[in-house]
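Each remark here refers to the structure printed beneath this line.
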Amino acid sequence: MIRAGWHLINPGVRFCLVALAALFLASCTTTTIDQYRQGDTGIEGHESVVILGRRQGAAYETREEFVECVGDRMGNGRDGVNIVPEQLFVDALFPWFEPRTAPMRSDDLEQLMAQPLVPEKISEFGIRYIVWLDGETQRTNEMGSISCAVGPGGGGCFGFGSWEDDSSFEARIWDVSSRTAVGTISADASGQSYMPAVFVPIPLIARVEAKACNTLADQLKQFVIGG
Amino acid sequence: MIKGRQSVNVFTLLLLMILGGCGASTVTVQGNYPTPNVPPKALTLGVYYPDEFRNFVYTEFTDRGNEEYFVQAGNSHIELFNTLLPAMFQRVVVLDDLAAAGSAEVDAVFMPSIDEFQLGIPAKTRLDACEVWVRYNMRLTRPDGGYIADWVMTAYGKSSQGTFSSTERGINDAAVASMRDLASNFALTFDQIPEVSDWLNARNNAVTASRAN
């Protein structure tokens with residue numbers, strides 16, 4: 001029945017549908033996860049994790065939205081862990097986690113915990129792990145062009161555009177109880193997006209950053225749960 | 001006749017819109033500043049905000065020399081220091097007049113000023129961010145005006161283009177970020193300024209000696 005229906009479609013339209021389906025499949029994302037464990041992990045029900053974005057570099061900053069995405073994903077599900085929102089933690093611990101003052105290495109954590117008022121604040125939140133996220137998504141290989149025109153009889157667009165997104169993020173996990181680094185997880189994702197336009201632009205977007213977020217968050221969750 | 005009047009009205013309206021679009025935008029910096037987690041020093045600090053500091057406005061010009069943005073940052077700086085200083089010192093007295101310092105029973109008088117303010121906006125820098133860089137001059141004196149310390153501090157703040165809806169919003173966010181940067185640096189380095197450190201040590205020694213006697 002479906003085959004019969006398929007044959008009834010105009011060959012030109014059929015070609016377009018096949019081309020669109022091919023592009024849709026091509027706009028998928030490939031992700032690579034790499035994990036390095038330095039110590040044992042585990043988390044109790046009353047303990048929590050804070051995920052912080054690195055913002056020291058002049059060239060780029062880890063986007064707040066990505067940090068939020070990883071936190072939301074880690075906090076969801078039956079095995080979800082308690083996540084302390086980044087801004088709430090940074091404000092409560094002011095001025096110790098600002099871009100200029102934040103500890104850069106796990107050795108600095110020992111020094112930070114020796115400061116008055118800091119250990120009390122951290123234990124108020126029940127923080128067991130501090131996760132530092134560092135990375136960005138870059139757009140490369142932008143090609144093609146789309147022209148749009150509007151006239152008295154209507155308007156439309158014609159053309160084709162494509163680009164590649166590459167996400168590269170690294171999560172460093174510090175155990176507050178032992179004041180040591182317990183591991184590093186890196187996530188690299190890339191994908192090609194297409195935007196054909198025949199009267200109307202049809203975006204076929206590879207959700208590269210979302211994929212990097214989900215994969216990294218799932219891996220991070222399993223890492224801190226341990227076992 | 002009516003059509004003619006309507007045309008004049010439409011023309012006037014268009015002219016006003018064009019002129020309005022050409023005018024400079026004013027950004028009044030607004031933000032929230034958290035209280036620092038540092039132990040308060042056993043000092044009563046007088047703070048005096050000079051008029052140039054209270055009413056600080058930075059003007060950004062276009063490449064043709066026309067006024068483009070007015071950044072009003074005076075009030076926000078006062079809000080910042082009024083949050084920061086009471087957490088850093090046991091008691092803070094805001095002085096309306098420097099001459100009142102002697103009778104206000106303060107240990108020292110702090111006076112901040114803005115030496116230089118720089119603004120970077122995407123339209124000019126071609127970067128995906130608004131940036132604010134500020135150089136401050138901080139001055140600490142005895143209640144009688146005698147010198148204790150005078151030092152320079154710089155602050156930097158950035159807001160990425162993806163996070164703000166307009167350039168005005170981006171300027172505000174970058175200015176607030178730079179003020180947080182100033183506050184964090186000030187709170188953690190105040191007693192590391194060599195002259196301040198010497199004065200604090202001398203003061204502590206004098207207090208210890210007077211208690212021993």
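Each chain in the structure tokens gets a letter, A, B and so on, in the order shown; residues start at 1 in every chain, and ligands are counted from 1 in the order they appear.
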
Checklist line | DSSP-assigned strand (DSSP E or B) members of segment 112-165 of chain A, reported as a VMD selection string | finding: chain A and resid 127 to 151 154 to 165

Next item on the list: Could the residues of chain B within 8 Å of chain A, counting only C-alpha atoms, be given as a ChimeraX atom specification, please?
Entry: /B:34-39,180-181,183-185,187-188

Convert the current residue selection to file output with C-alpha atoms, as a PDB file, in the first residue's frame.
ATOM      1  CA  PRO B  34      26.772  39.328  47.222  1.00  0.00           C
ATOM      2  CA  THR B  35      28.199  39.817  50.691  1.00  0.00           C
ATOM      3  CA  PRO B  36      31.798  38.543  50.895  1.00  0.00           C
ATOM      4  CA  ASN B  37      32.643  35.619  53.156  1.00  0.00           C
ATOM      5  CA  VAL B  38      35.648  37.136  54.899  1.00  0.00           C
ATOM      6  CA  PRO B  39      36.102  37.687  58.620  1.00  0.00           C
ATOM      7  CA  ARG B 180      32.124  41.781  41.066  1.00  0.00           C
ATOM      8  CA  ASP B 181      35.727  41.346  39.928  1.00  0.00           C
ATOM      9  CA  ALA B 183      34.830  43.420  44.917  1.00  0.00           C
ATOM     10  CA  SER B 184      36.420  39.950  44.982  1.00  0.00           C
ATOM     11  CA  ASN B 185      39.897  41.357  44.456  1.00  0.00           C
ATOM     12  CA  ALA B 187      38.025  41.780  49.686  1.00  0.00           C
ATOM     13  CA  LEU B 188      40.913  39.333  49.329  1.00  0.00           C
TER      14      LEU B 188
END

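Backbone DSSP of segment 85-157 of chain B yields helix (DSSP H, G or I) at Leu85, Pro86, Ala87, Met88, Leu98, Ala99, Ala100, Ala101, Gly102, Ser103, Ala104, Pro122, Ala123, Lys124 and Thr125 of chain B.
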
Could you please take those selected residues and save N, CA, C and O atoms as a compact mmCIF listing (two decimals), in the first residue's frame?
# COMPACT_ATOMS: atom_id res chain seq x y z
N LEU B 85 31.90 46.74 52.18
CA LEU B 85 32.65 47.23 53.34
C LEU B 85 32.07 46.78 54.69
O LEU B 85 32.84 46.38 55.57
N PRO B 86 30.74 46.81 54.90
CA PRO B 86 30.23 46.36 56.21
C PRO B 86 30.55 44.89 56.52
O PRO B 86 30.55 44.50 57.68
N ALA B 87 30.81 44.09 55.46
CA ALA B 87 31.18 42.69 55.71
C ALA B 87 32.67 42.57 56.02
O ALA B 87 33.10 41.63 56.67
N MET B 88 33.46 43.54 55.57
CA MET B 88 34.90 43.48 55.75
C MET B 88 35.39 44.15 57.03
O MET B 88 36.49 43.87 57.49
N LEU B 98 34.54 65.08 54.26
CA LEU B 98 35.82 64.57 54.78
C LEU B 98 36.18 65.21 56.12
O LEU B 98 36.81 64.59 56.97
N ALA B 99 35.75 66.47 56.29
CA ALA B 99 36.07 67.19 57.53
C ALA B 99 35.39 66.56 58.74
O ALA B 99 35.83 66.77 59.88
N ALA B 100 34.34 65.77 58.52
CA ALA B 100 33.62 65.14 59.63
C ALA B 100 34.31 63.88 60.13
O ALA B 100 33.89 63.28 61.13
N ALA B 101 35.40 63.47 59.46
CA ALA B 101 36.07 62.22 59.82
C ALA B 101 36.62 62.25 61.25
O ALA B 101 36.54 61.27 61.98
N GLY B 102 37.16 63.39 61.64
CA GLY B 102 37.76 63.52 62.97
C GLY B 102 36.76 63.28 64.08
O GLY B 102 37.07 62.59 65.07
N SER B 103 35.54 63.80 63.91
CA SER B 103 34.53 63.68 64.98
C SER B 103 33.73 62.38 64.86
O SER B 103 32.92 62.07 65.74
N ALA B 104 33.92 61.61 63.77
CA ALA B 104 33.12 60.39 63.56
C ALA B 104 33.70 59.17 64.27
O ALA B 104 33.15 58.07 64.17
N PRO B 122 30.48 44.79 20.70
CA PRO B 122 30.71 43.94 19.52
C PRO B 122 30.81 44.72 18.21
O PRO B 122 31.62 44.36 17.35
N ALA B 123 30.03 45.79 18.06
CA ALA B 123 30.05 46.55 16.80
C ALA B 123 31.42 47.16 16.52
O ALA B 123 31.77 47.40 15.37
N LYS B 124 32.20 47.39 17.57
CA LYS B 124 33.52 48.01 17.38
C LYS B 124 34.66 47.01 17.48
O LYS B 124 35.63 47.10 16.75
N THR B 125 34.55 46.07 18.42
CA THR B 125 35.67 45.15 18.63
C THR B 125 35.60 43.92 17.74
O THR B 125 36.58 43.19 17.61

Check: Can you list, as a ChimeraX atom specification, every protein, DNA or RNA residue that comes within 8 Å of segment 151-157 of chain A when you count only C-alpha atoms, leaving out same-chain residues fewer than 2 positions away?
Finding: /A:146-149,159,197-201

May I have the residues from that selection written out with N, CA and C atoms, as a compact mmCIF listing (two decimals), in the first residue's frame?
# COMPACT_ATOMS: atom_id res chain seq x y z
N ILE A 146 21.95 31.32 1.06
CA ILE A 146 20.50 31.30 0.89
C ILE A 146 20.05 32.72 0.59
N SER A 147 19.28 32.88 -0.47
CA SER A 147 18.75 34.21 -0.81
C SER A 147 17.24 34.20 -0.60
N CYS A 148 16.75 35.25 -0.01
CA CYS A 148 15.31 35.39 0.21
C CYS A 148 14.83 36.66 -0.49
N ALA A 149 13.65 36.62 -1.04
CA ALA A 149 13.09 37.81 -1.71
C ALA A 149 11.60 37.90 -1.41
N GLY A 159 18.22 28.29 -1.94
CA GLY A 159 19.65 28.12 -1.73
C GLY A 159 19.94 26.96 -0.81
N ALA A 197 16.86 25.42 1.22
CA ALA A 197 15.73 26.35 1.16
C ALA A 197 15.10 26.31 -0.22
N VAL A 198 13.87 25.79 -0.30
CA VAL A 198 13.07 25.84 -1.53
C VAL A 198 11.77 26.52 -1.12
N PHE A 199 11.67 27.79 -1.32
CA PHE A 199 10.61 28.67 -0.82
C PHE A 199 10.75 28.90 0.69
N VAL A 200 10.84 27.80 1.44
CA VAL A 200 10.96 27.92 2.90
C VAL A 200 12.26 27.24 3.33
N PRO A 201 13.08 27.90 4.20
CA PRO A 201 14.29 27.22 4.69
C PRO A 201 13.92 26.06 5.61

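The interatomic distance for the pair atom CA of Ala102 of chain A and atom CA of Arg139 of chain A works out to 28.8 Å.
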
Check: Could you name the residues that touch Tyr58 of chain B at 12 Å or less, counting only C-alpha atoms, but leaving out those on the same chain fewer than 6 positions away, as a list in words?
Finding: Ser25, Thr26, Val27, Thr28, Val29, Glu52, Glu67, Glu68, Tyr69, Phe70, Val71, Gln72, Ala73, Gly74, Ile114, Asp115, Glu116, Phe117, Gln118, Leu119, Val132, Trp133, Val134, Ile171 and Ala175 of chain B

Next item on the list: Within 7 Å of segment 67-69 of chain A, counting only C-alpha atoms, which residues show up once you throw out same-chain ones fewer than 3 positions away? Write them as a PyMOL selection string, please.
Entry: chain A and resi 51-53+63-64+72-73+213

Would you write out those residues with N, CA and C atoms, as a short mmCIF file (atom, residue, chain, number, x, y, z; two decimals), in the first residue's frame?
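File again28.cif, as written:
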data_model
loop_
_atom_site.label_atom_id
_atom_site.label_comp_id
_atom_site.auth_asym_id
_atom_site.auth_seq_id
_atom_site.Cartn_x
_atom_site.Cartn_y
_atom_site.Cartn_z
N ILE A 51 28.31 22.04 39.91
CA ILE A 51 29.00 22.07 38.62
C ILE A 51 29.29 23.53 38.29
N LEU A 52 30.58 23.82 38.09
CA LEU A 52 30.99 25.20 37.84
C LEU A 52 31.69 25.32 36.49
N GLY A 53 31.41 26.40 35.78
CA GLY A 53 32.04 26.63 34.48
C GLY A 53 33.32 27.41 34.65
N ARG A 63 29.87 28.23 28.68
CA ARG A 63 28.54 28.87 28.74
C ARG A 63 27.72 28.37 29.93
N GLU A 64 27.02 29.33 30.56
CA GLU A 64 26.16 29.00 31.70
C GLU A 64 25.12 27.96 31.32
N ASP A 72 21.06 19.74 35.09
CA ASP A 72 19.68 19.25 34.99
C ASP A 72 19.65 17.76 34.69
N ARG A 73 20.47 17.35 33.76
CA ARG A 73 20.50 15.95 33.32
C ARG A 73 21.00 15.03 34.46
N CYS A 213 26.32 17.48 26.03
CA CYS A 213 25.78 17.68 27.38
C CYS A 213 25.22 16.38 27.94
#

Item checked: atom CA of Val49 of chain A to atom CA of Val81 of chain A, straight-line distance in Å -> 7.3 Å

Check: Which polymer residues have any atom within 10 Å of an atom of segment 196-209 of chain B, counting only C-alpha atoms, with same-chain residues fewer than 4 positions away left out, as a ChimeraX atom specification?
Finding: /B:41-43,107,140,148-151,190-192,213

Got time to write the residues from that selection, N, CA, C and O atoms, as a JSON list (two decimals), in the first residue's frame?
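What ended up in selection.json:
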[["chain", "number", "residue", "atom", "x", "y", "z"],
["B", 41, "LYS", "N", 37.37, 42.85, 59.88],
["B", 41, "LYS", "CA", 38.54, 43.39, 60.62],
["B", 41, "LYS", "C", 38.03, 44.28, 61.75],
["B", 41, "LYS", "O", 37.04, 44.98, 61.58],
["B", 42, "ALA", "N", 38.77, 44.23, 62.87],
["B", 42, "ALA", "CA", 38.35, 45.01, 64.04],
["B", 42, "ALA", "C", 38.70, 46.49, 63.85],
["B", 42, "ALA", "O", 39.58, 47.03, 64.50],
["B", 43, "LEU", "N", 38.03, 47.09, 62.90],
["B", 43, "LEU", "CA", 38.29, 48.50, 62.57],
["B", 43, "LEU", "C", 36.98, 49.24, 62.36],
["B", 43, "LEU", "O", 36.01, 48.64, 61.89],
["B", 107, "ASP", "N", 38.76, 54.83, 62.53],
["B", 107, "ASP", "CA", 40.19, 54.53, 62.58],
["B", 107, "ASP", "C", 40.89, 54.98, 61.31],
["B", 107, "ASP", "O", 42.09, 55.29, 61.33],
["B", 140, "LEU", "N", 43.54, 55.40, 51.37],
["B", 140, "LEU", "CA", 43.22, 55.20, 52.79],
["B", 140, "LEU", "C", 44.00, 56.25, 53.58],
["B", 140, "LEU", "O", 45.23, 56.36, 53.42],
["B", 148, "ILE", "N", 47.92, 56.99, 54.62],
["B", 148, "ILE", "CA", 48.18, 55.59, 55.01],
["B", 148, "ILE", "C", 48.57, 54.79, 53.76],
["B", 148, "ILE", "O", 49.61, 54.17, 53.71],
["B", 149, "ALA", "N", 47.71, 54.85, 52.75],
["B", 149, "ALA", "CA", 47.99, 54.08, 51.53],
["B", 149, "ALA", "C", 47.23, 54.65, 50.34],
["B", 149, "ALA", "O", 46.18, 55.28, 50.51],
["B", 150, "ASP", "N", 47.79, 54.40, 49.19],
["B", 150, "ASP", "CA", 47.20, 54.89, 47.94],
["B", 150, "ASP", "C", 47.56, 53.82, 46.91],
["B", 150, "ASP", "O", 48.73, 53.58, 46.66],
["B", 151, "TRP", "N", 46.59, 53.13, 46.36],
["B", 151, "TRP", "CA", 46.93, 52.06, 45.43],
["B", 151, "TRP", "C", 45.93, 51.98, 44.27],
["B", 151, "TRP", "O", 44.83, 52.50, 44.35],
["B", 190, "PHE", "N", 42.93, 43.44, 50.32],
["B", 190, "PHE", "CA", 43.01, 44.70, 51.07],
["B", 190, "PHE", "C", 44.18, 44.72, 52.05],
["B", 190, "PHE", "O", 44.99, 45.64, 52.04],
["B", 191, "ASP", "N", 44.28, 43.67, 52.88],
["B", 191, "ASP", "CA", 45.35, 43.71, 53.89],
["B", 191, "ASP", "C", 46.69, 43.21, 53.36],
["B", 191, "ASP", "O", 47.65, 43.10, 54.11],
["B", 192, "GLN", "N", 46.75, 42.93, 52.04],
["B", 192, "GLN", "CA", 48.05, 42.55, 51.45],
["B", 192, "GLN", "C", 48.73, 43.74, 50.78],
["B", 192, "GLN", "O", 49.87, 43.62, 50.32],
["B", 213, "ASN", "N", 50.14, 47.16, 79.15],
["B", 213, "ASN", "CA", 50.37, 48.17, 80.19],
["B", 213, "ASN", "C", 49.13, 48.29, 81.05],
["B", 213, "ASN", "O", 49.08, 48.87, 82.05]]

Next item on the list: Give the answer as one residue: which of B:Val106, B:Val92, B:Leu127, B:Met111 has the shortest atom-to-atom distance to Asp51 of chain B, using only C-alpha atoms?
Entry: B:Met111

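Counting only C-alpha atoms, the residue from B:Thr44, B:Thr59, B:Ser178, B:Ser159 that sits nearest to Val93 of chain B is B:Thr44.
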
Next item on the list: Have a look at A:Phe160, A:Phe89, A:Trp174, A:Phe223 and name the one nearest to Phe125 of chain A; count only C-alpha atoms.
Entry: A:Phe89

Next item on the list: Enter the distance from atom CA of Val176 of chain B to atom CA of Ile193 of chain B, in Å, rounded to one decimal.
Entry: 24.4 Å
